[in-house]
file run_27.csv (CSV, C-alpha atoms)
chain,number,residue,atom,x,y,z
B,103,MET,CA,15.3,-22.4,9.9
B,104,ASN,CA,12.8,-21.2,12.4
B,105,ALA,CA,13.0,-21.5,16.2
B,106,ALA,CA,10.8,-24.6,16.2
B,107,THR,CA,13.1,-26.4,13.8
B,108,VAL,CA,16.2,-25.6,15.9
B,109,THR,CA,14.5,-26.8,19.0
B,110,ASN,CA,13.4,-30.0,17.3
B,111,ARG,CA,16.9,-30.6,16.0
B,112,VAL,CA,18.5,-30.1,19.4
B,113,LEU,CA,16.0,-32.4,21.0
B,114,ALA,CA,16.4,-35.0,18.3
B,115,ALA,CA,20.2,-34.9,18.7
B,116,LEU,CA,19.9,-35.4,22.5
B,117,LEU,CA,17.4,-38.2,22.1
B,118,ALA,CA,19.4,-39.9,19.4
B,119,LEU,CA,22.5,-39.7,21.7
B,120,ALA,CA,20.5,-41.1,24.6
B,121,LEU,CA,19.2,-43.9,22.4
B,122,LEU,CA,22.7,-44.7,21.1
B,123,LEU,CA,24.4,-44.7,24.6
B,124,GLY,CA,21.4,-46.4,26.3
B,125,GLY,CA,21.2,-49.1,23.7
B,126,LEU,CA,24.9,-49.9,23.9
B,127,LEU,CA,24.9,-49.9,27.7
B,128,GLY,CA,21.8,-52.1,27.8
B,129,ALA,CA,23.4,-54.6,25.4
B,130,VAL,CA,26.7,-54.7,27.3
B,131,GLU,CA,25.0,-55.1,30.7
B,132,ILE,CA,22.8,-57.9,29.4
B,133,VAL,CA,25.7,-59.8,27.9
B,134,LEU,CA,27.8,-59.4,31.1
B,135,ALA,CA,24.9,-60.6,33.2
B,136,GLN,CA,24.3,-63.6,31.0
B,137,MET,CA,28.0,-64.5,31.2
B,138,GLY,CA,27.9,-64.2,35.0
B,139,ARG,CA,30.3,-61.3,35.0
B,140,GLU,CA,30.3,-58.2,37.2
B,141,PRO,CA,28.1,-55.3,35.9
B,142,TRP,CA,29.9,-52.5,34.0
B,143,LEU,CA,28.0,-49.4,35.1
B,144,VAL,CA,24.6,-50.4,36.3
B,145,SER,CA,24.2,-53.0,39.0
B,146,HIS,CA,21.2,-55.0,37.6
B,147,GLU,CA,20.8,-57.0,40.8
B,148,SER,CA,20.2,-53.9,43.0
B,149,TRP,CA,18.0,-52.4,40.2
B,150,ALA,CA,16.0,-55.6,39.9
B,151,SER,CA,15.5,-56.0,43.7
B,152,TRP,CA,14.3,-52.3,43.9
B,153,LEU,CA,11.9,-53.0,41.1
B,154,ASP,CA,10.6,-56.1,42.8
B,155,GLU,CA,9.6,-54.1,45.9
B,156,GLN,CA,7.7,-51.4,44.0
B,157,GLN,CA,3.9,-51.4,43.7
B,158,TRP,CA,1.8,-49.3,41.3
B,159,GLN,CA,0.7,-47.2,44.3
B,160,SER,CA,4.3,-46.5,45.5
B,161,PRO,CA,5.0,-42.7,45.6
B,162,THR,CA,8.2,-43.1,43.6
B,163,VAL,CA,6.4,-45.0,40.9
B,164,ARG,CA,3.7,-42.3,40.7
B,165,VAL,CA,6.3,-39.6,40.4
B,166,ILE,CA,8.0,-41.5,37.6
B,167,LEU,CA,4.7,-42.0,35.8
B,168,ALA,CA,3.8,-38.3,36.2
B,169,VAL,CA,7.1,-37.3,34.8
B,170,MET,CA,6.5,-39.6,31.8
B,171,VAL,CA,3.2,-37.9,31.2
B,172,ILE,CA,4.7,-34.4,31.3
B,173,VAL,CA,7.7,-35.4,29.2
B,174,GLY,CA,5.5,-37.2,26.6
B,175,LEU,CA,3.2,-34.2,26.4
B,176,LEU,CA,6.1,-31.8,25.9
B,177,LEU,CA,7.6,-34.0,23.2
B,178,LEU,CA,4.3,-34.2,21.5
B,179,ILE,CA,3.7,-30.5,21.6
B,180,THR,CA,7.2,-29.7,20.5
B,181,GLY,CA,7.1,-32.1,17.6
B,182,ALA,CA,3.6,-31.0,16.4
B,183,ARG,CA,4.4,-27.3,16.5
B,184,ARG,CA,5.0,-26.0,13.0
B,185,GLY,CA,6.5,-22.7,14.1
B,186,ARG,CA,6.5,-19.5,12.0
B,187,PRO,CA,7.3,-19.8,8.3
B,188,THR,CA,10.9,-19.3,7.1
B,189,GLY,CA,9.7,-17.6,4.0
B,190,ILE,CA,6.5,-16.2,2.4
B,191,GLU,CA,5.7,-17.0,-1.2
B,192,ALA,CA,5.6,-14.3,-3.8
B,193,PRO,CA,4.1,-14.7,-7.3
B,194,SER,CA,6.3,-16.0,-10.1
B,195,HIS,CA,5.7,-15.5,-13.8
B,196,SER,CA,8.3,-18.0,-15.0
B,197,ASN,CA,8.0,-21.8,-15.4
B,198,GLY,CA,10.0,-23.7,-12.8
B,199,VAL,CA,10.9,-20.6,-10.8
B,200,SER,CA,9.4,-20.0,-7.3
B,201,VAL,CA,9.9,-16.8,-5.4
B,202,GLU,CA,9.8,-16.2,-1.7
B,203,VAL,CA,10.7,-13.4,0.7
B,204,PRO,CA,12.3,-14.7,3.9
B,205,ARG,CA,10.1,-14.0,6.9
B,206,ARG,CA,12.8,-12.0,8.6
B,207,ALA,CA,13.2,-9.8,5.5
B,208,VAL,CA,9.4,-9.1,5.5
B,209,GLU,CA,9.6,-8.2,9.2
B,210,ARG,CA,12.7,-6.1,8.7
B,211,THR,CA,11.2,-4.1,5.8
B,212,VAL,CA,7.8,-3.6,7.5
B,213,LYS,CA,9.6,-2.6,10.7
B,214,ASP,CA,11.6,-0.1,8.7
B,215,ALA,CA,8.4,1.3,7.0
B,216,ALA,CA,6.8,1.7,10.4
B,217,SER,CA,9.9,3.3,12.0
B,218,ARG,CA,9.9,6.0,9.3
B,219,VAL,CA,6.5,7.3,10.4
B,220,ASP,CA,7.0,10.5,12.3
B,221,GLY,CA,6.0,10.1,16.0
B,222,VAL,CA,6.7,6.4,16.2
B,223,ASP,CA,9.4,5.6,18.7
B,224,GLN,CA,9.8,1.9,18.9
B,225,VAL,CA,8.5,-0.9,16.6
B,226,ALA,CA,8.4,-4.6,16.9
B,227,VAL,CA,7.1,-6.7,14.0
B,228,ALA,CA,6.2,-10.4,14.0
B,229,ALA,CA,5.0,-12.2,10.8
B,230,GLY,CA,3.1,-15.4,10.9
B,231,ARG,CA,1.5,-17.6,8.2
B,232,ARG,CA,-1.5,-15.4,7.6
B,233,GLY,CA,-0.9,-12.1,9.4
B,234,ILE,CA,1.7,-9.7,10.5
B,235,THR,CA,1.6,-7.9,13.9
B,236,VAL,CA,3.2,-4.5,14.3
B,237,ASN,CA,3.6,-3.3,17.9
B,238,ALA,CA,4.7,0.4,18.1
B,239,THR,CA,5.0,3.0,20.8
B,240,THR,CA,4.6,6.8,20.5
B,241,THR,CA,5.0,9.8,22.7
B,242,THR,CA,3.0,12.1,20.5
B,243,ARG,CA,-0.1,13.9,21.7
B,244,PHE,CA,-2.0,12.9,18.6
B,245,PRO,CA,-1.8,9.1,18.5
B,246,ASP,CA,-4.8,8.7,16.2
B,247,ALA,CA,-3.0,10.5,13.4
B,248,VAL,CA,0.1,8.4,14.0
B,249,ARG,CA,-1.9,5.2,14.0
B,250,GLU,CA,-3.5,6.2,10.7
B,251,GLN,CA,-0.1,6.9,9.1
B,252,LEU,CA,1.4,3.7,10.6
B,253,THR,CA,-1.4,1.5,9.3
B,254,ARG,CA,-1.0,3.1,5.8
B,255,ALA,CA,2.8,2.7,5.8
B,256,VAL,CA,2.5,-1.0,6.8
B,257,ALA,CA,-0.1,-1.7,4.1
B,258,ASP,CA,1.9,0.2,1.4
B,259,ARG,CA,5.0,-1.8,2.2
B,260,LEU,CA,3.2,-5.1,2.1
B,261,ASP,CA,1.6,-4.1,-1.2
B,262,ALA,CA,5.1,-3.2,-2.6
B,263,LEU,CA,6.3,-6.7,-1.6
B,264,ASP,CA,3.5,-8.2,-3.7
B,265,LEU,CA,3.4,-11.4,-1.7
B,266,ALA,CA,1.3,-14.4,-2.9
B,267,THR,CA,-0.2,-14.8,0.5
B,268,THR,CA,-2.1,-11.9,1.9
B,269,LEU,CA,-0.7,-11.0,5.3
B,270,THR,CA,-3.4,-9.3,7.4
B,271,PRO,CA,-1.7,-6.5,9.3
B,272,THR,CA,-2.6,-5.9,12.9
B,273,VAL,CA,-1.2,-2.5,14.2
B,274,ASN,CA,-1.0,-1.9,17.9
B,275,LEU,CA,0.0,1.6,19.0
B,276,THR,CA,0.8,2.3,22.6
B,277,THR,CA,1.2,5.8,23.9
B,278,ALA,CA,4.2,6.1,26.2
B,279,ARG,CA,4.5,8.9,28.7
B,280,THR,CA,6.6,11.8,27.7
B,281,PRO,CA,9.6,12.2,30.1
B,282,ARG,CA,9.4,15.6,31.8
F,219,MET,CA,19.7,-27.9,6.7
F,220,SER,CA,17.8,-30.9,5.2
F,221,PRO,CA,14.0,-30.5,5.1
F,222,ARG,CA,13.7,-34.3,5.1
F,223,VAL,CA,15.6,-34.5,8.4
F,224,ASN,CA,13.3,-31.8,9.9
F,225,ARG,CA,10.3,-33.8,8.9
F,226,THR,CA,11.7,-37.0,10.4
F,227,ASN,CA,12.6,-35.2,13.6
F,228,ARG,CA,9.0,-33.9,14.0
F,229,THR,CA,7.5,-37.3,13.2
F,230,VAL,CA,9.8,-39.2,15.7
F,231,LEU,CA,9.2,-36.6,18.4
F,232,VAL,CA,5.4,-36.8,18.0
F,233,VAL,CA,5.4,-40.7,17.9
F,234,LEU,CA,7.9,-40.9,20.9
F,235,GLY,CA,5.9,-38.2,22.8
F,236,ALA,CA,2.6,-40.1,22.2
F,237,LEU,CA,4.1,-43.4,23.3
F,238,VAL,CA,5.7,-42.0,26.5
F,239,LEU,CA,2.5,-40.0,27.3
F,240,LEU,CA,0.2,-43.1,26.8
F,241,ALA,CA,2.5,-45.3,28.8
F,242,GLY,CA,2.7,-42.8,31.7
F,243,ALA,CA,-1.1,-42.2,31.6
F,244,ALA,CA,-1.8,-45.9,31.6
F,245,GLY,CA,0.5,-46.5,34.5
F,246,LEU,CA,-1.0,-43.6,36.4
F,247,ALA,CA,-4.5,-44.9,35.8
F,248,ILE,CA,-3.5,-48.3,37.3
F,249,SER,CA,-1.7,-46.5,40.2
F,250,LEU,CA,-4.8,-44.5,41.0
F,251,GLY,CA,-7.1,-47.6,40.8
F,252,ALA,CA,-8.6,-47.0,37.4
F,253,GLY,CA,-7.1,-50.2,35.9
F,254,ASN,CA,-10.4,-52.0,36.2
F,255,ALA,CA,-11.8,-51.2,32.8
F,256,GLY,CA,-14.9,-53.1,31.4
F,257,GLY,CA,-14.9,-55.7,34.1
F,258,THR,CA,-11.3,-56.8,33.3
F,259,THR,CA,-8.8,-56.0,36.0
F,260,LEU,CA,-5.4,-55.1,34.3
F,261,ALA,CA,-3.7,-54.5,37.6
F,262,ARG,CA,-4.5,-53.1,41.1
F,263,PRO,CA,-2.7,-50.3,42.8
F,264,GLN,CA,-1.2,-52.7,45.4
F,265,ASP,CA,0.1,-55.1,42.7
F,266,PRO,CA,3.8,-55.2,42.1
F,267,VAL,CA,5.1,-53.2,39.1
F,268,TRP,CA,7.2,-56.2,38.1
F,269,PRO,CA,5.0,-59.3,38.4
F,270,GLU,CA,6.5,-62.4,39.9
F,271,GLN,CA,5.5,-64.4,36.8
F,272,ALA,CA,7.5,-62.1,34.6
F,273,GLY,CA,10.6,-62.7,36.7
F,274,ARG,CA,10.0,-66.5,36.6
F,275,TYR,CA,9.5,-66.5,32.9
F,276,LEU,CA,12.8,-64.6,32.3
F,277,SER,CA,14.6,-67.0,34.6
F,278,ASP,CA,13.3,-70.0,32.7
F,279,ASN,CA,13.9,-68.5,29.2
F,280,ALA,CA,17.4,-67.1,29.0
F,281,TRP,CA,17.0,-66.6,25.2
F,282,VAL,CA,14.7,-63.6,25.9
F,283,TRP,CA,17.7,-61.7,27.3
F,284,TRP,CA,19.7,-62.4,24.2
F,285,VAL,CA,16.8,-61.1,22.1
F,286,ALA,CA,16.7,-58.0,24.4
F,287,ALA,CA,20.4,-57.5,23.9
F,288,LEU,CA,19.9,-57.6,20.1
F,289,VAL,CA,17.0,-55.1,20.4
F,290,CYS,CA,19.3,-52.8,22.4
F,291,LEU,CA,21.9,-53.0,19.7
F,292,LEU,CA,19.3,-52.2,17.1
F,293,LEU,CA,18.1,-49.2,19.1
F,294,ALA,CA,21.7,-48.0,19.4
F,295,PHE,CA,22.1,-48.3,15.6
F,296,VAL,CA,18.9,-46.4,15.0
F,297,GLY,CA,20.2,-43.7,17.5
F,298,LEU,CA,23.5,-43.5,15.6
F,299,ARG,CA,21.8,-43.1,12.2
F,300,TRP,CA,19.4,-40.5,13.7
F,301,LEU,CA,22.3,-38.6,15.3
F,302,LEU,CA,24.3,-38.6,12.0
F,303,ALA,CA,21.3,-37.4,10.1
F,304,GLN,CA,21.3,-34.2,12.1
F,305,LEU,CA,24.6,-33.2,10.4
F,306,ARG,CA,23.2,-33.7,6.9
F,307,THR,CA,22.5,-30.7,4.8
F,308,ASP,CA,20.5,-30.3,1.5
F,309,ARG,CA,23.4,-28.6,-0.3
F,310,LEU,CA,25.0,-30.4,-3.3
F,311,THR,CA,28.8,-30.0,-3.8
F,312,ARG,CA,28.8,-31.3,-7.4
F,313,MET,CA,26.5,-32.0,-10.2
F,314,ASP,CA,26.8,-34.8,-12.7
F,315,LEU,CA,26.4,-33.5,-16.3
F,316,THR,CA,27.3,-36.7,-18.0
F,317,GLY,CA,25.1,-37.0,-21.1
F,318,SER,CA,26.2,-40.4,-22.4
F,319,PRO,CA,28.6,-42.6,-20.3
F,320,ALA,CA,30.4,-43.5,-23.6
F,321,ASP,CA,31.6,-39.9,-23.9
F,322,GLY,CA,33.1,-39.9,-20.4
F,323,LEU,CA,32.1,-38.4,-17.2
F,324,THR,CA,31.4,-34.7,-16.8
F,325,THR,CA,31.1,-33.2,-13.3
F,326,LEU,CA,30.4,-29.6,-12.4
F,327,HIS,CA,31.6,-28.3,-9.1
F,328,ALA,CA,28.6,-26.6,-7.5
F,329,GLY,CA,30.9,-23.8,-6.2
F,330,ALA,CA,31.7,-22.7,-9.7
F,331,LEU,CA,28.0,-22.5,-10.7
F,332,ASN,CA,27.1,-20.8,-7.4
F,333,ASP,CA,29.8,-18.1,-7.9
F,334,ALA,CA,28.8,-17.5,-11.5
F,335,VAL,CA,25.1,-17.2,-10.7
F,336,ALA,CA,25.8,-14.9,-7.8
F,337,ASP,CA,28.0,-12.7,-9.9
F,338,ASP,CA,25.4,-12.6,-12.6
F,339,ALA,CA,22.7,-11.6,-10.2
F,340,ARG,CA,24.8,-8.8,-8.6
F,341,ALA,CA,25.1,-7.2,-12.1
F,342,ILE,CA,21.4,-6.4,-12.0
F,343,ALA,CA,20.6,-2.8,-11.1
F,344,GLY,CA,19.2,-2.6,-7.6
F,345,VAL,CA,20.9,-5.8,-6.4
F,346,THR,CA,23.3,-5.1,-3.6
F,347,GLY,CA,24.3,-8.7,-2.8
F,348,ALA,CA,23.6,-12.2,-4.0
F,349,ALA,CA,24.4,-15.8,-3.2
F,350,ALA,CA,23.5,-19.1,-4.8
F,351,HIS,CA,23.6,-22.8,-3.9
F,352,LEU,CA,22.5,-26.1,-5.4
F,353,SER,CA,20.1,-28.0,-3.2
F,354,GLY,CA,19.3,-31.7,-3.4
F,355,GLU,CA,16.0,-31.9,-1.6
F,356,PRO,CA,13.3,-32.7,-2.4
F,357,ASN,CA,14.7,-32.6,-5.9
F,358,ARG,CA,17.8,-31.0,-7.4
F,359,HIS,CA,17.2,-27.2,-7.6
F,360,LEU,CA,19.0,-24.0,-7.5
F,361,VAL,CA,18.5,-21.4,-4.8
F,362,VAL,CA,19.3,-17.8,-5.5
F,363,SER,CA,19.2,-15.3,-2.6
F,364,VAL,CA,19.3,-11.7,-3.5
F,365,ASP,CA,19.6,-8.5,-1.4
F,366,THR,CA,18.0,-5.5,-3.0
F,367,ALA,CA,18.8,-1.8,-2.5
F,368,ASP,CA,16.3,0.6,-0.9
F,369,THR,CA,15.5,2.1,-4.3
F,370,ALA,CA,15.1,-1.1,-6.2
F,371,ASP,CA,12.0,-2.0,-8.0
F,372,LEU,CA,11.3,-5.6,-6.9
F,373,ALA,CA,9.3,-6.5,-9.9
F,374,THR,CA,12.1,-5.4,-12.3
F,375,VAL,CA,14.7,-7.2,-10.3
F,376,LEU,CA,12.6,-10.3,-10.3
F,377,ARG,CA,12.0,-10.1,-14.1
F,378,HIS,CA,15.8,-9.8,-14.7
F,379,LEU,CA,16.4,-12.8,-12.4
F,380,SER,CA,13.7,-15.0,-13.7
F,381,THR,CA,14.7,-14.5,-17.3
F,382,GLY,CA,18.4,-13.6,-17.7
F,383,VAL,CA,20.1,-15.1,-14.7
F,384,VAL,CA,17.9,-18.2,-14.5
F,385,ASP,CA,18.1,-18.9,-18.2
F,386,ARG,CA,21.9,-18.6,-18.2
F,387,ALA,CA,22.2,-20.9,-15.2
F,388,ARG,CA,20.0,-23.5,-16.8
F,389,ALA,CA,22.0,-23.2,-20.0
F,390,ALA,CA,25.3,-23.7,-18.1
F,391,VAL,CA,24.1,-27.0,-16.6
F,392,SER,CA,22.3,-28.1,-19.9
F,393,ASP,CA,19.0,-28.4,-18.0
F,394,PRO,CA,16.4,-26.1,-19.3
F,395,ALA,CA,13.9,-27.3,-16.7
F,396,LEU,CA,16.2,-26.9,-13.6
F,397,PRO,CA,13.8,-25.7,-10.8
F,398,VAL,CA,15.0,-22.4,-9.3
F,399,ARG,CA,14.0,-20.9,-6.0
F,400,ILE,CA,14.5,-17.1,-5.7
F,401,GLN,CA,14.8,-15.5,-2.2
F,402,LEU,CA,14.2,-11.8,-2.4
F,403,ARG,CA,15.5,-9.8,0.6
F,404,PRO,CA,14.4,-6.2,0.4
F,405,ALA,CA,16.6,-3.7,2.1
F,406,ALA,CA,15.7,-1.3,4.8
F,407,ARG,CA,15.1,2.3,3.7
F,408,ALA,CA,16.1,5.6,5.2
F,409,GLY,CA,14.0,8.7,5.7
F,410,ARG,CA,10.8,9.4,7.6
F,411,ILE,CA,7.2,10.0,6.7
F,412,LEU,CA,6.0,13.2,8.4
F,413,THR,CA,2.5,13.3,10.0
call {"tool": "encode", "arguments": {"input": "run_27.csv", "output": "structure tokens"}}
result
Amino acid sequence: MNAATVTNRVLAALLALALLLGGLLGAVEIVLAQMGREPWLVSHESWASWLDEQQWQSPTVRVILAVMVIVGLLLLITGARRGRPTGIEAPSHSNGVSVEVPRRAVERTVKDAASRVDGVDQVAVAAGRRGITVNATTTTRFPDAVREQLTRAVADRLDALDLATTLTPTVNLTTARTPR
Amino acid sequence: MSPRVNRTNRTVLVVLGALVLLAGAAGLAISLGAGNAGGTTLARPQDPVWPEQAGRYLSDNAWVWWVAALVCLLLAFVGLRWLLAQLRTDRLTRMDLTGSPADGLTTLHAGALNDAVADDARAIAGVTGAAAHLSGEPNRHLVVSVDTADTADLATVLRHLSTGVVDRARAAVSDPALPVRIQLRPAARAGRILT
């Protein structure tokens, strides 16, 4: 599961709970009101009288509508977001057998390959659907040589994985200051 | 986790988001005086949000409230189903291997198959760890996750998995076409490349 799926699941659980409780509360309050009983949790009379006084141009109404626009937009973006892939396909030579390398495993092994390059201090790797980004830092006085080795190490490791999708590597090397 | 639930969540969030966004935007348009579209005035900014006619209609037609109560109950039921769906996983706990009902019922506990497949995969040179589980979505299939050693040749490991392990698993469940998904997890290596 990627982060987008987890976010969607938490949001879905919260919305489902709100729907369940809101629906039950609404049904109970309507039935109580129709039977002429006292409200349970929400005083529909005060709520209705407040609503009667509101005009479209009221500041409170505008704030509520603006919040609706923002919340709707956030839900739309959250739901439409695909997130990063959980796995990257690898070729299979058997019928009915599919092979994938989990994205985190790809990131881990590429990070390891990059870390083994002499002169590289810190490495962060992020794989997407089409590419993989390697951000590394070095304190060496010869960053060009390190960059060349780093690029080659990343490419070699990706070749060894033999993925079905070609992940285009992007290598960013930052030169950090050497502590005196 | 169930992929079908994930798809449902995304769809519902998108639809719900679009509805809330459109309702809010339409209300804001009216509030800012843009509700006069194409010569037809929907509402003016100084109009009440809850029109008097709507209140009168509801007072004269009490049945609308009962319908609203039913709709609320329906929404609560949908919310309950959606909430319970979040707990659903795609893993199967048993597999029906009954060939002919006349011969009796045959059920395979998925745990037994999972353990056997994992043990079989661990016996391959270069494999340091393995796990397996039966999944029910979208169709019934076996998932085999394999950790490989730093010295392992992935192509060789994959060949042993695709032929030996998968063939034996398929034979065990009498399903030569059982779809299998292999997850390869290459290990980190030690050592450094000198520049």
call {"tool": "residues_around", "arguments": {"input": "run_27.csv", "residues": "Glu209 in chain B", "least_positions_apart": "6", "cutoff": "8 Å", "atoms": "all atoms listed in the file", "output": "list in words"}}
result
Val227, Ala228 and Ala229 of chain B
call {"tool": "residues_near_point", "arguments": {"input": "run_27.csv", "point": "(18.2, -31.4, 9.2)", "cutoff": "10 Å", "atoms": "only C-alpha atoms", "output": "PyMOL selection string"}}
result
(chain B and resi 103+107-108+110-111+114) or (chain F and resi 219-227+302-308)
call {"tool": "interface_residues", "arguments": {"input": "run_27.csv", "of": "chain F", "to": "chain B", "cutoff": "7 Å", "atoms": "all atoms listed in the file", "output": "NGL selection string"}}
result
:F and (224 or 227-229 or 231-232 or 235-236 or 238-239 or 242-243 or 245-246 or 248-250 or 263-268 or 283 or 287 or 290-291 or 293-295 or 297-298 or 300-301 or 304 or 380 or 395 or 397-407 or 409-413)
call {"tool": "closest_residue", "arguments": {"input": "run_27.csv", "among": "F:Ala343, F:Ala348, F:Leu234, F:Val391", "to": "Ala373 in chain F", "atoms": "all atoms listed in the file"}}
result
F:Ala343
call {"tool": "closest_residue", "arguments": {"input": "run_27.csv", "among": "B:Thr188, B:Arg259, B:Thr253, B:Leu275", "to": "Asn237 in chain B", "atoms": "only C-alpha atoms"}}
result
B:Leu275
call {"tool": "residues_around", "arguments": {"input": "run_27.csv", "residues": "range 349-352 of chain F", "least_positions_apart": "3", "cutoff": "7 Å", "atoms": "all atoms listed in the file", "output": "list in words"}}
result
Arg309, Leu310, Ala328, Asn332, Val335, Ala336, His359, Leu360, Val361, Val362, Ser363 and Val364 of chain F
call {"tool": "atom_distance", "arguments": {"input": "run_27.csv", "atom1": "CA of Asp368 in chain F", "atom2": "CA of Gly347 in chain F"}}
result
12.4 Å
call {"tool": "closest_residue", "arguments": {"input": "run_27.csv", "among": "F:Ala367, F:Asp337, F:Asp393, F:Trp284", "to": "Gly317 in chain F", "atoms": "all atoms listed in the file"}}
result
F:Asp393
call {"tool": "atom_distance", "arguments": {"input": "run_27.csv", "atom1": "CA of Val345 in chain F", "atom2": "CA of Gly382 in chain F"}}
result
14.0 Å
call {"tool": "atom_distance", "arguments": {"input": "run_27.csv", "atom1": "CA of Ala238 in chain B", "atom2": "CA of Gly344 in chain F"}}
result
29.7 Å
call {"tool": "residues_around", "arguments": {"input": "run_27.csv", "residues": "Pro394 in chain F", "least_positions_apart": "4", "cutoff": "8 Å", "atoms": "all atoms listed in the file", "output": "number ranges by chain"}}
result
F: 385, 388-389
call {"tool": "write_last_selection", "arguments": {"input": "run_27.csv", "atoms": "C-alpha atoms", "output": "PDB file, in the frame of the given file"}}
result
ATOM      1  CA  ASP F 385      18.100 -18.900 -18.200  1.00  0.00           C
ATOM      2  CA  ARG F 388      20.000 -23.500 -16.800  1.00  0.00           C
ATOM      3  CA  ALA F 389      22.000 -23.200 -20.000  1.00  0.00           C
TER       4      ALA F 389
END
call {"tool": "residues_around", "arguments": {"input": "run_27.csv", "residues": "Thr268 in chain B", "least_positions_apart": "3", "cutoff": "8 Å", "atoms": "only C-alpha atoms", "output": "CSV table (one decimal) with C-alpha atoms, in the frame of the given file"}}
result
chain,number,residue,atom,x,y,z
B,232,ARG,CA,-1.5,-15.4,7.6
B,233,GLY,CA,-0.9,-12.1,9.4
B,265,LEU,CA,3.4,-11.4,-1.7
call {"tool": "residues_near_point", "arguments": {"input": "run_27.csv", "point": "(0.3, -20.7, 13.0)", "cutoff": "7 Å", "atoms": "only C-alpha atoms", "output": "VMD selection string"}}
result
chain B and resid 185 to 186 230 to 231
